[in-house]
$ cat my_file_35.txt   # compact mmCIF, C-alpha atoms
# COMPACT_ATOMS: atom_id res chain seq x y z
CA MET D 1 0.00 0.00 0.00
CA SER D 2 1.51 3.20 -1.13
CA ALA D 3 3.18 5.28 1.47
CA PHE D 4 4.25 8.85 0.98
CA PRO D 5 5.01 11.31 -1.86
CA ALA D 6 7.91 10.60 -4.12
CA ARG D 7 8.39 14.08 -5.52
CA LEU D 8 7.69 16.42 -2.63
CA ALA D 9 11.15 17.84 -2.16
CA VAL D 10 12.15 18.02 -5.81
CA ARG D 11 11.43 21.31 -7.52
CA PRO D 12 11.82 21.33 -11.31
CA ALA D 13 14.30 23.91 -12.55
CA ALA D 14 13.31 26.05 -15.50
CA PRO D 15 15.86 26.07 -18.37
CA ALA D 16 17.49 29.43 -18.95
CA PRO D 17 16.44 31.23 -22.15
CA ALA D 18 19.06 31.10 -24.89
CA ALA D 19 19.41 34.88 -24.92
CA SER D 20 20.32 34.97 -21.23
CA ARG D 21 23.17 32.46 -21.34
CA THR D 22 26.50 33.97 -20.33
CA PRO D 23 30.02 32.54 -20.09
CA VAL D 24 30.43 30.44 -16.99
CA ALA D 25 33.37 30.91 -14.66
CA PRO D 26 35.64 27.89 -14.04
CA LEU D 27 34.32 25.58 -11.35
CA THR D 28 35.99 25.46 -7.97
CA PRO D 29 36.95 21.99 -6.63
CA GLY D 30 33.90 22.01 -4.33
CA ALA D 31 31.61 23.01 -7.16
CA ARG D 32 33.08 20.31 -9.40
CA GLN D 33 32.32 17.73 -6.70
CA ARG D 34 28.75 18.94 -6.31
CA GLY D 35 28.34 18.84 -10.06
CA ALA D 36 29.57 15.26 -10.08
CA ASP D 37 26.99 14.42 -7.42
CA ALA D 38 24.21 15.65 -9.70
CA ALA D 39 25.55 14.23 -12.96
CA PRO D 40 22.90 12.30 -14.91
CA GLY D 41 23.32 8.55 -14.75
CA ARG D 42 25.18 8.61 -11.42
CA ARG D 43 23.48 7.76 -8.17
CA ALA D 44 23.63 10.59 -5.66
CA PRO D 45 25.89 9.76 -2.68
CA GLY D 46 23.89 8.59 0.30
CA THR D 47 20.95 7.34 -1.77
CA THR D 48 20.92 3.86 -0.22
CA ALA D 49 20.99 5.32 3.28
CA ALA D 50 18.24 7.78 2.31
CA ALA D 51 16.12 4.88 1.03
CA LEU D 52 16.55 3.03 4.33
CA LEU D 53 15.77 6.22 6.25
CA ILE D 54 12.51 6.81 4.40
CA ALA D 55 11.53 3.14 4.67
CA ALA D 56 11.82 3.33 8.45
CA ALA D 57 9.83 6.59 8.51
CA ALA D 58 7.09 5.11 6.31
CA SER D 59 6.82 1.94 8.42
CA GLY D 60 5.07 4.01 11.08
CA ILE D 61 2.05 4.39 8.80
CA SER D 62 1.06 0.73 8.78
CA GLY D 63 3.10 -0.72 11.64
CA PRO D 64 0.37 -0.56 14.34
CA SER D 65 -2.43 -1.96 12.18
CA LEU D 66 -2.36 -5.58 13.36
CA ALA D 67 -1.55 -4.61 16.95
CA LEU D 68 -4.62 -2.39 17.36
CA PRO D 69 -6.94 -5.07 18.82
CA THR D 70 -4.32 -5.89 21.47
CA ALA D 71 -3.76 -2.20 22.17
CA ALA D 72 -7.51 -1.59 22.43
CA HIS D 73 -7.86 -4.44 24.94
CA ALA D 74 -4.97 -3.14 27.04
CA LEU D 75 -6.35 0.42 26.97
CA HIS D 76 -9.96 -0.71 27.61
CA VAL D 77 -11.25 1.13 24.53
CA PRO D 78 -13.02 -0.07 21.35
CA THR D 79 -10.80 -1.03 18.44
CA ALA D 80 -12.28 1.85 16.44
CA SER D 81 -11.05 4.26 19.11
CA ALA D 82 -7.59 2.67 19.02
CA ALA D 83 -7.57 3.47 15.28
CA TRP D 84 -6.71 7.04 16.32
CA LEU D 85 -3.20 5.71 16.84
CA MET D 86 -3.02 5.43 13.05
CA THR D 87 -5.02 8.57 12.29
CA ALA D 88 -2.72 10.64 14.50
CA TYR D 89 0.21 9.58 12.37
CA GLY D 90 -1.47 10.96 9.27
CA LEU D 91 -2.24 14.23 11.03
CA GLY D 92 1.38 14.52 12.15
CA LEU D 93 2.58 13.97 8.58
CA LEU D 94 0.05 16.48 7.29
CA VAL D 95 1.26 19.24 9.62
CA GLY D 96 4.92 18.30 9.80
CA THR D 97 5.62 18.11 6.06
CA PRO D 98 5.26 21.82 5.16
CA LEU D 99 6.64 23.04 8.48
CA LEU D 100 9.81 20.95 8.41
CA ALA D 101 10.31 21.52 4.68
CA GLY D 102 10.80 25.15 5.67
CA THR D 103 13.54 24.06 8.08
CA ALA D 104 15.45 22.59 5.14
CA GLY D 105 15.23 25.89 3.30
CA ARG D 106 16.47 27.91 6.27
CA ARG D 107 19.11 25.68 7.84
CA GLY D 108 19.90 22.94 5.34
CA THR D 109 19.19 19.25 4.90
CA ALA D 110 21.41 18.08 7.76
CA ALA D 111 19.52 20.29 10.22
CA LEU D 112 16.28 18.83 8.86
CA VAL D 113 17.54 15.30 9.49
CA ARG D 114 18.51 16.20 13.06
CA ALA D 115 15.18 17.94 13.73
CA GLY D 116 13.23 15.01 12.30
CA ALA D 117 15.21 12.47 14.32
CA ALA D 118 14.73 14.50 17.51
CA LEU D 119 10.96 14.62 17.00
CA VAL D 120 10.82 10.88 16.25
CA ALA D 121 12.74 10.17 19.47
CA LEU D 122 10.54 12.56 21.48
CA GLY D 123 7.33 11.08 20.10
CA ALA D 124 8.53 7.53 20.79
CA ALA D 125 9.47 8.52 24.35
CA ILE D 126 5.96 9.88 24.92
CA VAL D 127 4.47 6.64 23.59
CA LEU D 128 6.68 4.39 25.69
CA ALA D 129 6.02 6.46 28.83
CA SER D 130 2.23 6.19 28.39
CA PRO D 131 1.33 2.51 28.87
CA SER D 132 -2.32 2.86 29.86
CA ALA D 133 -3.86 6.04 28.43
CA LEU D 134 -4.94 6.63 24.83
CA PRO D 135 -4.63 10.48 24.59
CA PRO D 136 -0.88 10.68 25.32
CA LEU D 137 -0.27 7.75 23.00
CA VAL D 138 -2.11 9.59 20.23
CA ALA D 139 -0.11 12.76 20.95
CA GLY D 140 3.16 10.83 20.89
CA ARG D 141 2.29 9.25 17.56
CA ALA D 142 1.55 12.68 16.07
CA VAL D 143 4.91 14.07 17.25
CA GLU D 144 6.66 10.96 15.93
CA ALA D 145 4.97 11.42 12.54
CA ALA D 146 6.01 15.07 12.31
CA GLY D 147 9.60 13.91 12.69
CA ALA D 148 9.08 11.18 10.10
CA ALA D 149 7.77 13.83 7.70
CA GLY D 150 11.03 15.76 8.07
CA LEU D 151 13.07 12.62 7.41
CA THR D 152 10.99 11.94 4.30
CA VAL D 153 11.62 15.40 2.88
CA ALA D 154 15.34 15.10 3.71
CA ALA D 155 15.63 11.74 1.94
CA PHE D 156 14.22 13.16 -1.28
CA ARG D 157 16.45 16.21 -1.03
CA ILE D 158 19.50 13.95 -0.82
CA ALA D 159 18.34 11.87 -3.79
CA GLY D 160 17.36 14.97 -5.77
CA ARG D 161 21.01 15.78 -6.54
CA ASP D 162 20.84 13.07 -9.20
CA ARG D 163 19.07 14.87 -12.04
CA SER D 164 18.44 11.60 -13.92
CA GLY D 165 15.76 10.59 -11.42
CA ARG D 166 17.33 7.19 -10.71
CA SER D 167 18.20 8.07 -7.11
CA THR D 168 14.77 9.57 -6.48
CA GLY D 169 13.21 6.40 -7.87
CA LEU D 170 15.22 4.24 -5.47
CA VAL D 171 14.13 6.38 -2.53
CA ALA D 172 10.52 6.16 -3.72
CA ILE D 173 10.80 2.36 -3.73
CA GLY D 174 12.11 2.52 -0.18
CA ASN D 175 9.12 4.68 0.71
CA ALA D 176 6.64 2.19 -0.74
CA ALA D 177 8.46 -0.80 0.76
CA GLY D 178 8.48 0.71 4.25
CA GLY D 179 4.81 1.61 4.11
CA THR D 180 3.80 -1.90 3.07
CA LEU D 181 6.28 -4.10 4.94
CA GLY D 182 5.49 -2.15 8.11
CA LEU D 183 2.41 -4.37 8.48
CA PHE D 184 4.54 -7.49 8.86
CA VAL D 185 7.39 -5.92 10.84
CA GLY D 186 4.95 -4.19 13.18
CA ALA D 187 3.12 -7.45 13.84
CA GLY D 188 6.41 -9.17 14.60
CA ALA D 189 7.56 -6.39 16.91
CA ALA D 190 4.26 -6.47 18.79
CA GLN D 191 4.47 -10.22 19.24
CA LEU D 192 8.07 -10.19 20.45
CA LEU D 193 8.23 -6.94 22.43
CA GLY D 194 4.63 -5.95 23.16
CA TRP D 195 2.03 -3.87 21.32
CA GLN D 196 3.74 -0.54 22.08
CA ALA D 197 6.71 -1.61 19.96
CA ALA D 198 4.48 -1.44 16.88
CA LEU D 199 3.79 2.23 17.65
CA VAL D 200 7.45 3.29 17.56
CA MET D 201 8.63 1.71 14.31
CA PRO D 202 10.16 4.99 13.01
CA LEU D 203 12.84 4.64 15.70
CA LEU D 204 14.53 2.30 13.22
CA ALA D 205 15.48 5.44 11.27
CA LEU D 206 17.92 6.43 14.02
CA ALA D 207 20.12 3.46 13.11
CA VAL D 208 20.98 4.98 9.70
CA LEU D 209 21.49 8.59 10.84
CA PRO D 210 25.32 8.43 10.74
CA ALA D 211 25.21 7.26 7.13
CA VAL D 212 22.69 9.97 6.18
CA LEU D 213 24.18 13.04 7.84
CA ARG D 214 27.26 13.39 5.61
CA PRO D 215 25.33 13.35 2.30
CA ALA D 216 22.73 15.58 3.96
CA VAL D 217 25.45 18.17 4.65
CA ARG D 218 26.56 18.00 1.03
CA ALA D 219 22.98 18.33 -0.20
CA GLY D 220 22.61 21.43 1.96
CA GLN D 221 25.84 22.90 0.57
CA ALA D 222 24.59 22.33 -2.96
CA GLY D 223 21.34 24.07 -2.11
CA GLN D 224 23.17 27.05 -0.62
CA THR D 225 25.33 27.26 -3.75
CA GLY D 226 22.18 27.31 -5.88
CA GLN D 227 20.70 30.09 -3.75
CA ALA D 228 23.91 32.10 -4.04
CA GLY D 229 23.90 31.63 -7.80
CA GLN D 230 20.30 32.81 -7.97
CA THR D 231 21.21 35.90 -5.94
CA GLY D 232 24.08 36.64 -8.33
CA ARG D 233 21.82 36.29 -11.38
CA SER D 234 19.27 38.61 -9.80
CA ALA D 235 21.97 41.21 -9.21
CA GLN D 236 23.21 40.91 -12.82
CA ALA D 237 19.66 41.47 -14.02
CA GLY D 238 19.43 44.69 -12.01
CA GLN D 239 17.21 43.23 -9.28
CA ALA D 240 17.82 43.86 -5.61
CA ALA D 241 19.52 40.90 -3.99
CA PRO D 242 17.62 39.54 -0.99
CA SER D 243 19.13 40.34 2.36
CA GLY D 244 20.00 37.49 4.66
CA THR D 245 19.04 33.86 4.24
CA PRO D 246 15.81 33.18 2.35
CA ARG D 247 13.08 32.14 4.76
CA PRO D 248 10.29 30.11 3.15
CA ARG D 249 6.89 31.06 4.51
CA PHE D 250 4.07 28.67 5.32
CA ARG D 251 1.94 30.12 2.52
CA ASP D 252 4.81 29.47 0.09
CA ALA D 253 4.82 25.78 1.04
CA LEU D 254 1.02 25.58 0.78
CA PRO D 255 -0.27 27.73 -2.11
CA LEU D 256 -3.92 27.23 -1.19
CA GLY D 257 -5.08 29.49 -4.01
CA LEU D 258 -4.47 26.55 -6.34
CA LEU D 259 -7.55 24.87 -4.89
CA ARG D 260 -9.67 27.36 -6.86
CA ARG D 261 -8.14 26.09 -10.10
CA PRO D 262 -10.23 23.21 -11.55
CA GLY D 263 -7.23 21.76 -13.37
CA PHE D 264 -5.54 21.28 -10.00
CA ARG D 265 -8.57 20.57 -7.84
CA ARG D 266 -9.95 17.61 -9.80
CA PRO D 267 -6.80 15.43 -9.83
CA ALA D 268 -6.02 16.43 -6.23
CA LEU D 269 -9.47 15.36 -5.02
CA LEU D 270 -9.17 12.08 -6.93
CA MET D 271 -5.75 11.49 -5.35
CA LEU D 272 -7.26 12.18 -1.92
CA ALA D 273 -10.00 9.61 -2.58
CA LEU D 274 -7.49 7.00 -3.75
CA ALA D 275 -5.28 7.55 -0.69
CA THR D 276 -8.22 7.47 1.72
CA VAL D 277 -9.44 4.12 0.36
CA ASN D 278 -5.90 2.76 0.37
CA PHE D 279 -5.22 3.60 4.00
CA ALA D 280 -8.69 2.48 5.04
CA LEU D 281 -7.62 -0.91 3.71
CA VAL D 282 -4.31 -0.70 5.59
CA TYR D 283 -6.55 -0.68 8.67
CA GLY D 284 -9.37 -2.94 7.51
CA ALA D 285 -7.98 -5.53 5.06
CA PRO D 286 -5.72 -7.34 7.57
CA ARG D 287 -8.63 -7.74 10.00
CA ARG D 288 -10.82 -9.04 7.21
CA VAL D 289 -8.19 -11.59 6.15
CA ALA D 290 -7.64 -12.69 9.76
CA ALA D 291 -11.38 -13.09 10.32
CA LEU D 292 -11.78 -15.24 7.18
CA THR D 293 -8.71 -17.42 7.69
CA GLY D 294 -8.12 -17.55 11.44
CA TRP D 295 -4.49 -16.60 10.84
CA GLY D 296 -2.44 -14.87 13.50
CA PRO D 297 -0.87 -11.41 13.10
CA LEU D 298 2.42 -12.59 11.56
CA PRO D 299 1.03 -14.65 8.64
CA THR D 300 -1.69 -12.05 8.08
CA GLY D 301 0.87 -9.24 7.99
CA ALA D 302 3.13 -11.20 5.65
CA ALA D 303 0.30 -11.93 3.21
CA VAL D 304 -1.17 -8.42 3.11
CA ALA D 305 2.22 -6.70 2.97
CA SER D 306 3.42 -8.95 0.13
CA VAL D 307 0.45 -8.36 -2.14
CA ALA D 308 0.37 -4.62 -1.38
CA LEU D 309 4.06 -4.28 -2.21
CA ALA D 310 3.53 -6.22 -5.43
CA GLY D 311 0.71 -3.86 -6.38
CA ALA D 312 2.87 -0.80 -5.70
CA LEU D 313 5.71 -2.16 -7.82
CA LEU D 314 3.35 -3.05 -10.69
CA SER D 315 2.05 0.52 -10.78
CA TRP D 316 4.88 1.47 -13.15
CA GLN D 317 2.99 -0.36 -15.90
CA LEU D 318 0.04 1.96 -15.41
CA VAL D 319 2.34 4.98 -15.50
CA ARG D 320 3.94 3.71 -18.71
CA LEU D 321 0.58 3.14 -20.43
CA ALA D 322 -0.99 6.41 -19.26
CA PRO D 323 0.11 8.60 -22.21
CA ALA D 324 -1.47 6.21 -24.71
CA LEU D 325 -4.69 5.92 -22.70
CA GLY D 326 -5.20 9.64 -22.20
CA THR D 327 -6.00 11.61 -19.06
CA ALA D 328 -9.76 11.02 -19.04
CA ARG D 329 -9.49 7.24 -19.40
CA VAL D 330 -6.77 7.02 -16.78
CA ARG D 331 -8.91 8.89 -14.27
CA VAL D 332 -11.81 6.52 -14.91
CA LEU D 333 -9.51 3.51 -14.47
CA LEU D 334 -8.12 4.88 -11.22
CA ALA D 335 -11.55 5.60 -9.77
CA ALA D 336 -12.95 2.25 -10.92
CA GLY D 337 -9.93 0.35 -9.60
CA SER D 338 -10.15 2.00 -6.18
CA THR D 339 -13.89 1.32 -5.96
CA ALA D 340 -13.42 -2.32 -6.97
CA ALA D 341 -10.63 -2.70 -4.41
CA ALA D 342 -12.82 -1.34 -1.61
CA VAL D 343 -15.75 -3.60 -2.56
CA ALA D 344 -13.55 -6.70 -2.84
CA ALA D 345 -11.82 -6.10 0.48
CA ALA D 346 -15.06 -5.29 2.29
CA PHE D 347 -17.51 -7.85 0.96
CA ALA D 348 -15.70 -10.78 -0.68
CA PRO D 349 -16.04 -13.99 1.37
CA TRP D 350 -12.77 -15.41 0.00
CA PRO D 351 -9.37 -14.37 1.42
CA PRO D 352 -7.59 -14.34 -1.99
CA VAL D 353 -10.12 -11.80 -3.29
CA VAL D 354 -9.64 -9.61 -0.23
CA LEU D 355 -5.89 -9.74 -0.81
CA LEU D 356 -6.43 -8.93 -4.48
CA GLY D 357 -8.42 -5.87 -3.46
CA SER D 358 -5.56 -4.76 -1.22
CA ALA D 359 -3.07 -5.16 -4.08
CA LEU D 360 -5.33 -3.31 -6.52
CA SER D 361 -5.73 -0.39 -4.14
CA SER D 362 -1.96 -0.18 -3.72
CA LEU D 363 -1.49 -0.27 -7.49
CA VAL D 364 -3.93 2.53 -8.32
CA THR D 365 -2.76 4.71 -5.42
CA ALA D 366 0.92 4.45 -6.32
CA GLY D 367 0.14 4.77 -10.02
CA GLY D 368 -2.21 7.67 -9.38
CA GLN D 369 0.59 9.73 -7.88
CA GLY D 370 2.65 9.20 -11.01
CA VAL D 371 -0.05 9.96 -13.57
CA LEU D 372 -2.03 12.68 -11.77
CA THR D 373 0.83 14.91 -10.66
CA GLY D 374 1.51 16.09 -14.21
CA PRO D 375 -2.08 17.19 -14.98
CA ALA D 376 -2.33 18.85 -11.55
CA VAL D 377 0.64 21.14 -12.17
CA GLY D 378 0.30 21.42 -15.94
CA GLY D 379 0.03 24.98 -17.22
CA LEU D 380 1.65 26.48 -14.12
CA ALA D 381 4.75 28.64 -14.32
CA PRO D 382 7.92 26.70 -13.37
CA GLU D 383 8.38 28.71 -10.19
CA ARG D 384 4.91 27.65 -8.99
CA GLN D 385 5.24 23.95 -9.77
CA GLY D 386 7.26 23.02 -6.68
CA GLY D 387 4.63 24.42 -4.33
CA ALA D 388 1.85 22.83 -6.38
CA ILE D 389 3.52 19.40 -6.16
CA GLY D 390 3.89 19.84 -2.41
CA LEU D 391 0.22 20.72 -1.98
CA PHE D 392 -0.88 17.89 -4.29
CA ASN D 393 1.18 15.34 -2.37
CA LEU D 394 -0.48 16.28 0.93
CA ALA D 395 -3.32 14.06 -0.28
CA PHE D 396 -1.25 11.14 1.03
CA PRO D 397 -1.05 12.11 4.71
CA ALA D 398 -4.64 13.33 4.49
CA GLY D 399 -5.56 9.82 3.36
CA VAL D 400 -3.46 8.30 6.15
CA ALA D 401 -5.50 10.35 8.62
CA ALA D 402 -8.94 9.85 7.06
CA GLY D 403 -8.70 6.21 5.98
CA PRO D 404 -8.62 4.52 9.42
CA VAL D 405 -11.41 6.81 10.66
CA LEU D 406 -13.56 5.79 7.70
CA ALA D 407 -12.76 2.11 8.20
CA GLY D 408 -13.44 2.34 11.94
CA PHE D 409 -16.79 3.98 11.27
CA ALA D 410 -17.69 1.19 8.84
CA ASP D 411 -16.50 -1.36 11.40
CA GLN D 412 -18.89 0.00 14.03
CA THR D 413 -21.92 0.68 11.83
CA VAL D 414 -21.93 -1.65 8.82
CA GLN D 415 -19.73 -4.32 10.48
CA PHE D 416 -18.16 -5.53 7.26
CA LEU D 417 -14.51 -4.95 8.03
CA TYR D 418 -14.09 -7.21 11.04

$ encode --input "my_file_35.txt" --output "structure tokens"
Amino acid sequence: MSAFPARLAVRPAAPAPAASRTPVAPLTPGARQRGADAAPGRRAPGTTAAALLIAAAASGISGPSLALPTAAHALHVPTASAAWLMTAYGLGLLVGTPLLAGTAGRRGTAALVRAGAALVALGAAIVLASPSALPPLVAGRAVEAAGAAGLTVAAFRIAGRDRSGRSTGLVAIGNAAGGTLGLFVGAGAAQLLGWQAALVMPLLALAVLPAVLRPAVRAGQAGQTGQAGQTGRSAQAGQAAPSGTPRPRFRDALPLGLLRRPGFRRPALLMLALATVNFALVYGAPRRVAALTGWGPLPTGAAVASVALAGALLSWQLVRLAPALGTARVRVLLAAGSTAAAVAAAFAPWPPVVLLGSALSSLVTAGGQGVLTGPAVGGLAPERQGGAIGLFNLAFPAGVAAGPVLAGFADQTVQFLY
């Protein structure tokens, strides 16, 4: 089941007009090194560590799913109420992504990694210190998710130095893998260490921090060089150079005026629907499979995580076929696939069909990000596309937050998920 945005921290650069090209000064040794980092066809240094970092961050999305009944019993609350432990993670991602992305702009990628890690550790400490009360557990999960959001942005900033997209693609695979395999790993952690262990899965990210910090420093240096170059070009063009370090504002990270633009609003709302269904199934499909088969958490987690990961990896076929199908047909396929996935997972009396629905939802959600981002930002000026991509990709954490609530409501009222 798809995890988190693959293109949030990458802002497309507009090519310079031919008339504005000027002779370029010889590169300094540091600039030559940074240029080598971004050379097409070469993986950006630190990409493997960034992929592991984002996988650990994304595991927090699905990690608690199979431990929720045990948590609910220990907390003396209904399972639907315990679902707030998953919803809180989505809310933390939703708030933390734009706020911590601003940290990267002000202080660099390494500072973002440190801030994200500190919030993950703080959130996990709150969770582990709250063994018997739901509200502090929910608060701890939200803080933990805000930190995970910062680590996610940092991972894509590190990979973004490779202009070929290969490094970003590897990090995106790590993102999807963490979000899906978290079901199985979380179930195993809960069985071995107790249900609270499933709530602090992002702590695994701390193990790769030493390997991430050095490339994060270099990514920050490259960003500062780009900002300095932009200042110099502004001065050459007769524009006043900005004073001090640029400070991204919250409204820059979230250009809400785009919501009034139908060309942006329609694909964004469809992406929100796909993500909501997908993360409702992260909550509901494992319980449905367990109820139909009698399996325990580990085999259930292994089965659901495997098919969801397969669906996410197969989504590249949909992305490849999208240009030939056309935008309108692709949107119909995405909506129909998500609806079919929800119906299969909710009503089918056969476990393989429920698993197929889970895989289909993962496929259309991951594929939807790839094929809907372009139409959402199409027609915008290059300088507005980065903010538009960031706003569009917030559909994912919104779905993380809304999906379990929707599934819990269905569980209590229609009683078809458990």

$ closest_residue --input "my_file_35.txt" --among "D:Ala344, D:Ala216, D:Leu206, D:Leu68" --to "Ala80 in chain D" --atoms "all atoms listed in the file"
D:Leu68

$ atom_distance --input "my_file_35.txt" --atom1 "CA of Leu199 in chain D" --atom2 "CA of Leu363 in chain D"
25.8 Å

$ closest_residue --input "my_file_35.txt" --among "D:Gly296, D:Gly326, D:Gly379, D:Gly60" --to "Gly188 in chain D" --atoms "only C-alpha atoms"
D:Gly296

$ closest_residue --input "my_file_35.txt" --among "D:Val307, D:Ala402, D:Val377, D:Leu99" --to "Arg266 in chain D" --atoms "only C-alpha atoms"
D:Val377

$ atom_distance --input "my_file_35.txt" --atom1 "CA of Thr300 in chain D" --atom2 "CA of Leu313 in chain D"
20.1 Å
